[in-house]
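One file, my_file17.txt, carrying compact mmCIF, C-alpha atoms:
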# COMPACT_ATOMS: atom_id res chain seq x y z
CA MET A 24 -35.81 52.06 32.66
CA PRO A 25 -34.87 48.36 33.08
CA ALA A 26 -31.42 47.82 34.54
CA ARG A 27 -30.18 45.96 31.46
CA TRP A 28 -31.41 48.73 29.18
CA ALA A 29 -29.86 51.42 31.38
CA ALA A 30 -26.50 49.67 31.32
CA ALA A 31 -26.67 49.27 27.55
CA ALA A 32 -27.67 52.91 27.12
CA ALA A 33 -24.66 53.99 29.16
CA GLY A 34 -22.42 51.76 27.07
CA GLY A 35 -23.94 53.12 23.86
CA ALA A 36 -23.37 56.70 25.00
CA ALA A 37 -19.77 55.89 25.82
CA ALA A 38 -19.33 54.32 22.40
CA LEU A 39 -20.78 57.41 20.73
CA ALA A 40 -18.32 59.58 22.63
CA LEU A 41 -15.46 57.36 21.50
CA LEU A 42 -16.62 57.52 17.91
CA THR A 43 -16.83 61.30 18.12
CA LEU A 44 -13.32 61.45 19.57
CA SER A 45 -12.05 59.22 16.79
CA ALA A 46 -13.63 61.44 14.16
CA CYS A 47 -11.97 64.52 15.67
CA THR A 48 -8.51 63.04 16.16
CA GLY A 49 -8.34 60.58 13.29
CA GLN A 50 -7.16 57.89 15.72
CA PRO A 51 -8.95 54.51 15.90
CA VAL A 52 -10.56 53.63 19.23
CA THR A 53 -12.14 50.52 20.69
CA ALA A 54 -15.20 50.65 22.93
CA THR A 55 -15.17 48.83 26.25
CA SER A 56 -17.72 47.99 28.95
CA GLY A 57 -20.46 46.97 26.54
CA GLY A 58 -19.92 49.83 24.08
CA THR A 59 -20.74 49.48 20.40
CA ALA A 60 -18.01 51.35 18.59
CA GLN A 61 -16.40 48.23 17.16
CA ALA A 62 -18.86 46.54 14.77
CA GLY A 63 -18.77 42.76 14.95
CA ALA A 64 -16.75 42.73 18.17
CA ASP A 65 -17.75 40.33 20.94
CA THR A 66 -20.52 42.12 22.85
CA GLY A 67 -20.58 39.50 25.58
CA ARG A 68 -24.35 39.21 25.19
CA THR A 69 -26.01 35.81 25.06
CA TYR A 70 -29.46 35.10 23.69
CA ALA A 71 -31.41 31.88 24.20
CA LEU A 72 -33.56 30.58 21.35
CA VAL A 73 -36.13 28.18 22.83
CA VAL A 74 -38.62 26.57 20.45
CA HIS A 75 -41.35 23.92 20.40
CA ALA A 76 -39.46 21.64 18.02
CA VAL A 77 -38.39 18.06 17.72
CA PRO A 78 -34.64 17.66 17.16
CA GLY A 79 -33.54 17.94 13.54
CA ASP A 80 -36.71 19.60 12.23
CA ALA A 81 -35.72 21.20 8.90
CA PHE A 82 -37.84 24.31 9.48
CA TRP A 83 -36.34 25.07 12.87
CA ASP A 84 -32.82 24.40 11.61
CA VAL A 85 -33.33 27.37 9.26
CA VAL A 86 -34.57 29.52 12.16
CA LYS A 87 -31.49 28.51 14.15
CA SER A 88 -29.21 29.36 11.21
CA GLY A 89 -30.72 32.82 10.96
CA ALA A 90 -30.29 33.51 14.67
CA GLN A 91 -26.72 32.28 14.71
CA ALA A 92 -25.83 34.29 11.60
CA ALA A 93 -27.11 37.46 13.27
CA GLY A 94 -25.25 36.55 16.45
CA ALA A 95 -22.02 36.18 14.49
CA LEU A 96 -22.60 39.55 12.83
CA TYR A 97 -23.12 41.34 16.13
CA GLY A 98 -20.58 39.39 18.14
CA SER A 99 -23.22 37.81 20.38
CA THR A 100 -23.73 34.19 21.38
CA VAL A 101 -26.97 32.41 20.49
CA THR A 102 -27.89 29.12 22.15
CA TYR A 103 -30.58 26.88 20.67
CA GLN A 104 -32.81 24.35 22.44
CA GLY A 105 -36.25 22.97 21.79
CA ASP A 106 -38.86 20.52 22.94
CA PRO A 107 -42.41 19.95 21.68
CA ASP A 108 -43.60 19.23 25.23
CA VAL A 109 -44.72 22.55 26.71
CA GLN A 110 -43.59 21.64 30.23
CA LYS A 111 -40.12 20.78 28.99
CA GLN A 112 -40.02 23.94 26.88
CA SER A 113 -40.91 25.91 30.02
CA GLN A 114 -38.04 24.23 31.85
CA LEU A 115 -35.67 25.29 29.07
CA ILE A 116 -36.85 28.88 29.53
CA GLU A 117 -36.27 28.61 33.28
CA THR A 118 -32.75 27.33 32.59
CA ALA A 119 -32.09 30.34 30.35
CA ILE A 120 -33.30 32.62 33.16
CA ALA A 121 -30.98 30.89 35.63
CA ASP A 122 -28.13 31.38 33.15
CA ASN A 123 -28.92 35.12 33.18
CA VAL A 124 -29.07 35.42 29.40
CA ASP A 125 -29.57 38.85 27.87
CA GLY A 126 -32.66 37.92 25.90
CA ILE A 127 -34.99 35.00 25.21
CA ILE A 128 -36.43 34.24 21.78
CA VAL A 129 -39.34 31.84 22.15
CA SER A 130 -41.94 30.22 19.93
CA MET A 131 -45.33 29.98 21.63
CA ALA A 132 -47.36 27.10 20.24
CA ASN A 133 -48.98 26.91 23.68
CA PRO A 134 -48.99 30.41 25.22
CA ASP A 135 -50.92 29.36 28.32
CA GLY A 136 -48.44 26.61 29.06
CA LEU A 137 -45.48 29.01 28.80
CA SER A 138 -47.03 31.93 30.67
CA GLY A 139 -45.47 31.07 34.03
CA ALA A 140 -41.93 30.73 32.67
CA LEU A 141 -42.27 33.93 30.64
CA ALA A 142 -43.54 35.79 33.71
CA ASP A 143 -40.40 34.63 35.50
CA ALA A 144 -38.28 36.03 32.64
CA VAL A 145 -40.03 39.39 32.88
CA ALA A 146 -39.54 39.42 36.66
CA ALA A 147 -35.84 38.71 36.10
CA ASP A 148 -35.63 41.74 33.78
CA ILE A 149 -34.81 39.56 30.76
CA PRO A 150 -36.38 40.87 27.54
CA ILE A 151 -38.43 38.47 25.41
CA ILE A 152 -39.20 38.33 21.70
CA THR A 153 -41.73 35.76 20.54
CA ILE A 154 -41.58 34.13 17.13
CA ASN A 155 -43.63 31.91 14.86
CA SER A 156 -46.66 31.18 17.04
CA GLY A 157 -48.48 33.18 19.68
CA ALA A 158 -48.66 36.62 18.06
CA GLU A 159 -51.96 37.52 19.70
CA GLU A 160 -50.71 36.67 23.19
CA SER A 161 -47.19 38.06 22.77
CA ALA A 162 -47.65 41.56 24.19
CA ALA A 163 -49.79 40.40 27.11
CA LEU A 164 -47.03 38.02 28.16
CA GLY A 165 -44.47 40.81 28.22
CA ALA A 166 -42.65 40.39 24.91
CA LEU A 167 -41.01 43.35 23.18
CA THR A 168 -42.43 42.24 19.84
CA HIS A 169 -43.37 39.19 17.77
CA VAL A 170 -41.81 38.00 14.51
CA GLY A 171 -43.77 35.62 12.30
CA GLN A 172 -46.48 35.47 9.71
CA GLY A 173 -50.17 36.15 10.13
CA GLU A 174 -51.34 32.54 10.36
CA TYR A 175 -55.02 33.12 9.56
CA LEU A 176 -54.05 35.42 6.69
CA ALA A 177 -51.60 32.83 5.37
CA GLY A 178 -54.31 30.18 5.57
CA GLN A 179 -56.64 32.39 3.58
CA GLY A 180 -54.02 32.66 0.86
CA ALA A 181 -53.61 28.89 0.79
CA GLY A 182 -57.38 28.39 0.53
CA THR A 183 -57.50 30.79 -2.40
CA LYS A 184 -54.69 28.90 -4.17
CA LEU A 185 -56.51 25.59 -3.71
CA THR A 186 -59.75 27.10 -5.00
CA GLU A 187 -57.94 28.42 -8.08
CA ALA A 188 -56.67 24.87 -8.67
CA GLY A 189 -60.25 23.56 -8.57
CA ALA A 190 -60.13 21.78 -5.20
CA LYS A 191 -63.52 21.31 -3.56
CA LYS A 192 -62.92 18.76 -0.79
CA VAL A 193 -59.71 19.30 1.16
CA LEU A 194 -57.90 17.74 4.10
CA CYS A 195 -56.01 20.16 6.36
CA VAL A 196 -53.30 18.12 8.09
CA ILE A 197 -52.41 19.35 11.60
CA HIS A 198 -49.13 17.89 12.85
CA GLU A 199 -48.99 19.35 16.40
CA ALA A 200 -52.02 18.91 18.65
CA GLY A 201 -53.04 22.08 20.47
CA ASN A 202 -50.95 24.44 18.31
CA ALA A 203 -53.16 27.51 17.95
CA GLY A 204 -51.19 28.80 14.96
CA LEU A 205 -51.81 25.61 12.99
CA GLU A 206 -55.49 25.73 13.81
CA ASP A 207 -55.58 29.33 12.55
CA ARG A 208 -54.02 28.23 9.26
CA CYS A 209 -56.72 25.63 8.70
CA ALA A 210 -59.46 28.07 9.72
CA GLY A 211 -58.16 30.70 7.32
CA ALA A 212 -57.96 28.19 4.48
CA ALA A 213 -61.50 26.99 5.16
CA ASP A 214 -62.66 30.61 5.04
CA THR A 215 -61.53 31.17 1.44
CA LEU A 216 -61.87 27.65 0.04
CA ASP A 217 -64.82 27.30 -2.30
CA GLY A 218 -65.67 23.89 -0.90
CA SER A 219 -65.36 21.86 2.31
CA MET A 220 -62.36 21.31 4.55
CA THR A 221 -61.77 18.62 7.17
CA ASN A 222 -58.92 18.67 9.69
CA LEU A 223 -56.76 15.55 9.96
CA GLN A 224 -54.47 15.04 12.97
CA VAL A 225 -51.03 13.44 12.56
CA ASP A 226 -47.83 13.38 14.63
CA ILE A 227 -44.79 15.08 13.12
CA ALA A 228 -42.56 12.97 15.35
CA ASN A 229 -43.58 9.93 13.27
CA LEU A 230 -43.57 10.91 9.59
CA ALA A 231 -44.04 7.35 8.37
CA ASP A 232 -47.23 7.08 10.37
CA ALA A 233 -48.31 10.53 9.17
CA GLN A 234 -47.84 9.43 5.57
CA ASN A 235 -49.91 6.29 6.17
CA THR A 236 -52.67 8.30 7.86
CA ILE A 237 -52.92 10.65 4.88
CA LYS A 238 -52.82 7.71 2.47
CA SER A 239 -55.60 5.94 4.37
CA ALA A 240 -57.77 9.07 4.28
CA LEU A 241 -57.31 9.39 0.52
CA LEU A 242 -58.11 5.72 -0.04
CA ALA A 243 -61.19 5.92 2.19
CA ASP A 244 -62.63 8.87 0.27
CA PRO A 245 -61.63 9.14 -3.40
CA THR A 246 -63.58 12.42 -3.69
CA ILE A 247 -60.92 14.24 -1.66
CA ASP A 248 -59.24 16.45 -4.25
CA GLY A 249 -56.95 18.56 -2.10
CA VAL A 250 -54.54 18.19 0.82
CA LEU A 251 -53.08 21.12 2.73
CA THR A 252 -50.19 20.33 5.05
CA LEU A 253 -48.72 22.78 7.53
CA ASN A 254 -45.07 21.68 7.54
CA SER A 255 -42.59 20.97 4.76
CA ALA A 256 -41.73 17.44 5.91
CA VAL A 257 -45.41 16.56 6.19
CA GLY A 258 -45.90 18.06 2.73
CA VAL A 259 -43.32 15.67 1.30
CA ALA A 260 -45.05 12.79 3.10
CA ALA A 261 -48.41 13.87 1.68
CA ALA A 262 -47.04 13.94 -1.86
CA GLN A 263 -45.81 10.36 -1.43
CA ALA A 264 -49.13 9.32 0.14
CA GLN A 265 -51.00 10.77 -2.82
CA VAL A 266 -48.93 8.68 -5.23
CA GLU A 267 -49.35 5.50 -3.18
CA ALA A 268 -53.11 6.04 -2.91
CA GLY A 269 -53.45 6.63 -6.64
CA SER A 270 -55.18 9.92 -5.86
CA ASP A 271 -55.40 13.02 -8.04
CA ALA A 272 -55.60 15.34 -5.02
CA GLN A 273 -53.72 18.61 -5.31
CA ILE A 274 -51.09 19.09 -2.59
CA GLY A 275 -50.35 22.43 -0.99
CA THR A 276 -48.06 22.92 1.97
CA PHE A 277 -46.72 25.45 4.41
CA ASP A 278 -42.98 25.98 4.62
CA VAL A 279 -40.11 25.48 2.24
CA SER A 280 -37.31 22.94 2.02
CA ALA A 281 -35.05 21.64 -0.74
CA ASP A 282 -37.36 18.63 -1.16
CA VAL A 283 -40.46 20.81 -1.31
CA THR A 284 -39.01 23.10 -3.97
CA ARG A 285 -38.03 20.05 -6.02
CA LEU A 286 -41.56 18.64 -5.76
CA ILE A 287 -43.05 22.00 -6.71
CA ALA A 288 -40.77 22.18 -9.74
CA ASP A 289 -41.88 18.75 -10.97
CA GLY A 290 -45.57 19.43 -10.26
CA SER A 291 -46.01 17.03 -7.35
CA ILE A 292 -46.78 19.90 -4.96
CA LEU A 293 -48.85 22.86 -6.13
CA PHE A 294 -47.42 25.55 -3.84
CA ALA A 295 -45.72 26.26 -0.54
CA VAL A 296 -46.58 29.07 1.84
CA ASP A 297 -43.24 30.64 2.75
CA GLN A 298 -43.03 32.31 6.15
CA GLN A 299 -39.27 32.83 5.72
CA PRO A 300 -38.05 31.10 8.89
CA TYR A 301 -34.53 32.49 8.50
CA LEU A 302 -35.98 35.91 9.33
CA GLN A 303 -37.67 34.51 12.43
CA GLY A 304 -34.22 33.76 13.80
CA TYR A 305 -32.23 36.62 12.32
CA LEU A 306 -34.54 39.52 13.09
CA PRO A 307 -35.02 38.91 16.85
CA VAL A 308 -31.26 38.89 17.45
CA SER A 309 -30.98 42.11 15.45
CA PHE A 310 -33.89 43.61 17.39
CA PHE A 311 -32.26 42.74 20.71
CA GLU A 312 -29.06 44.44 19.58
CA LEU A 313 -31.00 47.56 18.63
CA PHE A 314 -32.76 47.42 21.99
CA TYR A 315 -29.50 47.25 23.89
CA THR A 316 -27.43 49.67 21.82
CA ASN A 317 -30.02 52.29 20.88
CA GLY A 318 -33.14 51.70 23.00
CA ASN A 319 -35.22 50.70 19.97
CA VAL A 320 -38.31 48.50 20.17
CA VAL A 321 -39.40 47.40 16.70
CA GLY A 322 -42.99 46.85 15.64
CA GLY A 323 -44.97 49.61 17.29
CA SER A 324 -46.86 47.07 19.44
CA GLN A 325 -47.74 45.10 16.31
CA PRO A 326 -46.20 41.86 14.98
CA VAL A 327 -43.35 42.09 12.50
CA TYR A 328 -44.43 39.89 9.60
CA SER A 329 -41.92 37.53 8.01
CA GLY A 330 -44.57 36.22 5.60
CA PRO A 331 -46.61 34.88 3.96
CA GLY A 332 -45.15 34.56 0.51
CA PHE A 333 -45.84 31.78 -1.98
CA VAL A 334 -43.46 29.46 -3.79
CA THR A 335 -44.92 28.09 -7.01
CA LYS A 336 -43.55 26.46 -10.14
CA GLU A 337 -42.71 29.92 -11.47
CA ASN A 338 -40.23 30.83 -8.72
CA ALA A 339 -39.29 27.43 -7.27
CA GLY A 340 -35.92 27.35 -9.02
CA GLN A 341 -34.78 30.62 -7.48
CA VAL A 342 -35.94 29.65 -3.99
CA ALA A 343 -34.36 26.19 -4.37
CA THR A 344 -30.92 27.79 -4.62
CA PHE A 345 -31.31 29.34 -1.17
CA ALA A 346 -33.08 26.29 0.26
CA GLY A 347 -30.03 24.26 -0.70
CA LEU A 348 -27.93 26.65 1.38
CA GLY A 349 -30.19 26.14 4.38
CA THR A 350 -31.47 29.72 4.48
CA ARG A 351 -34.96 29.19 3.02

Do you think you could lay out the structure here as structure tokens?
Amino acid sequence: MPARWAAAAAGGAAALALLTLSACTGQPVTATSGGTAQAGADTGRTYALVVHAVPGDAFWDVVKSGAQAAGALYGSTVTYQGDPDVQKQSQLIETAIADNVDGIIVSMANPDGLSGALADAVAADIPIITINSGAEESAALGALTHVGQGEYLAGQGAGTKLTEAGAKKVLCVIHEAGNAGLEDRCAGAADTLDGSMTNLQVDIANLADAQNTIKSALLADPTIDGVLTLNSAVGVAAAQAQVEAGSDAQIGTFDVSADVTRLIADGSILFAVDQQPYLQGYLPVSFFELFYTNGNVVGGSQPVYSGPGFVTKENAGQVATFAGLGTR
């Protein structure tokens, strides 16, 4: 039994004894030394959320909100840092290890590039939960579980939606080079699309340039009748590019934001694949708390799916309410 788990188990047993005593005597008690009798009390645990994100990315802000909400519920501290450069992300993980955090939540767009840092976390007896990307590599790298959507499956759903809309020639816009999850989305969409799909590379760090790249592709080939983007901000850029190019291409996107739900409602975007990023932050913190207080490991060695779901014109209004609150 890992030392951290053993200590938590002892604290949990002590808390149970205190709760039993309270039930017998009718007197309130407060657990100490890491016990769990007092819901919402400060546990003293700290979790590091380390992602492959540029600062201010709307999607990752929702993930962060979910993690911090769960931390507030359980009385734990959640720190948030991110960098799209895998070496810098690895350094952030190493910093979390040096800080002796109680758990690391990490997105793995580049599992190979993070393997060394994650091995160091395992060696330091710090539990890991992976999120968003890297589901297939998660267990091999020592994670307790993975929270995210099945990317290939989600892509298949997007391809079906585009086929139902009549699209035959589609661009799949990849905004992070080398991100295996994004490549899986495009591959899944190509699998179910009744037509042809071409991948188009853009840089999410420069949305104006991404918009121009999509616009140029639409102008260069007027037969393109569909665009699938893999990020909400890129989806908004694609919708604007379609207007500027005078194209009739249908736009589908991954991920939800207030702008995306507005564009779905007015017909500018056909659909959004919703992987529910709030859950990708909230659930790992909850899972760590269950791990420490009750020895639970969620998932049964399989990923815990947060999606996919689909936002269309029919349900955009409902989702928009929550998107406006920053939780969708």

Margin query: Which residues are near segment 295-310 of chain A? Cut-off 7 Å, only C-alpha atoms, ignore same chain within fewer than 3 positions. Put them as a PyMOL selection string.
Written below: chain A and resi 82+85-90+92-94+128+152+154-155+170-172+275-279+313-314+321+329-335+350-351

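Of the listed residues (A:Ala339, A:Cys195, A:Ala212, A:Val266), A:Cys195 comes nearest to Thr252 of chain A; the distances count only C-alpha atoms.
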
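The two atoms in question, atom CA of Ile149 of chain A and atom CA of Asp84 of chain A, are spaced 24.5 Å apart.
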
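Across A:Leu253, A:Val196, A:Ala213, A:Val283, the tightest approach to Ala240 of chain A is made by A:Val196 when counting all atoms listed in the file.
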
Checklist line | Who sits within 12 Å of Leu141 of chain A, all atoms listed in the file, same chain under 3 positions skipped, as a ChimeraX atom specification | finding: /A:73,112-120,126-131,133-138,144-153,160-166

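Nearest to Ala76 of chain A of all the residues A:Pro107, A:Gly323, A:Gly218, A:Gly98 is A:Pro107, based on all atoms listed in the file.
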
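Here the question is which of A:Val320, A:Ala188, A:Ala346, A:Ile247 gets nearest to Leu167 of chain A using all atoms listed in the file, and that residue is A:Val320.
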
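Residues within 9 Å of segment 200-210 of chain A, counting only C-alpha atoms and excluding same-chain residues fewer than 4 positions away, are Met131, Ala132, Asn133, Pro134, Asn155, Ser156, Gly157, Ala158, Gly173, Glu174, Tyr175, Leu176, Ala177, Gly178, Gln179, Ala181, Gly182, Cys195, Val196, Asp214, Met220, Thr221, Asn222, Gln224, Val225, Asp226, Leu251 and Leu253 of chain A.
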
Check: Near Asp217 of chain A, within 9 Å and counting all atoms listed in the file, which residues show up once chain neighbours fewer than 4 positions away are dropped, as an NGL selection string?
Finding: :A and (182-183 or 185-186 or 189-192 or 213)

Item checked: Who sits within 9 Å of Asp282 of chain A, all atoms listed in the file, same chain under 5 positions skipped, as a PyMOL selection string -> chain A and resi 255-256+259+287+343+346

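Take the candidates A:Leu348, A:Leu286, A:Val77, A:Ala142 and check each one against Ala228 of chain A using only C-alpha atoms; the shortest distance goes to A:Val77.
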
Emit as JSON the padded axis-aligned box for all listed atoms of segment 176-193 of chain A, 3 Å per side, with centre and edge lengths in Å to one decimal.
{"center_x": -57.6, "center_y": 27.1, "center_z": -1.0, "size_x": 17.9, "size_y": 22.7, "size_z": 21.4}

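Put simply, atom CA of Gly249 of chain A is 18.6 Å away from atom CA of Thr284 of chain A.
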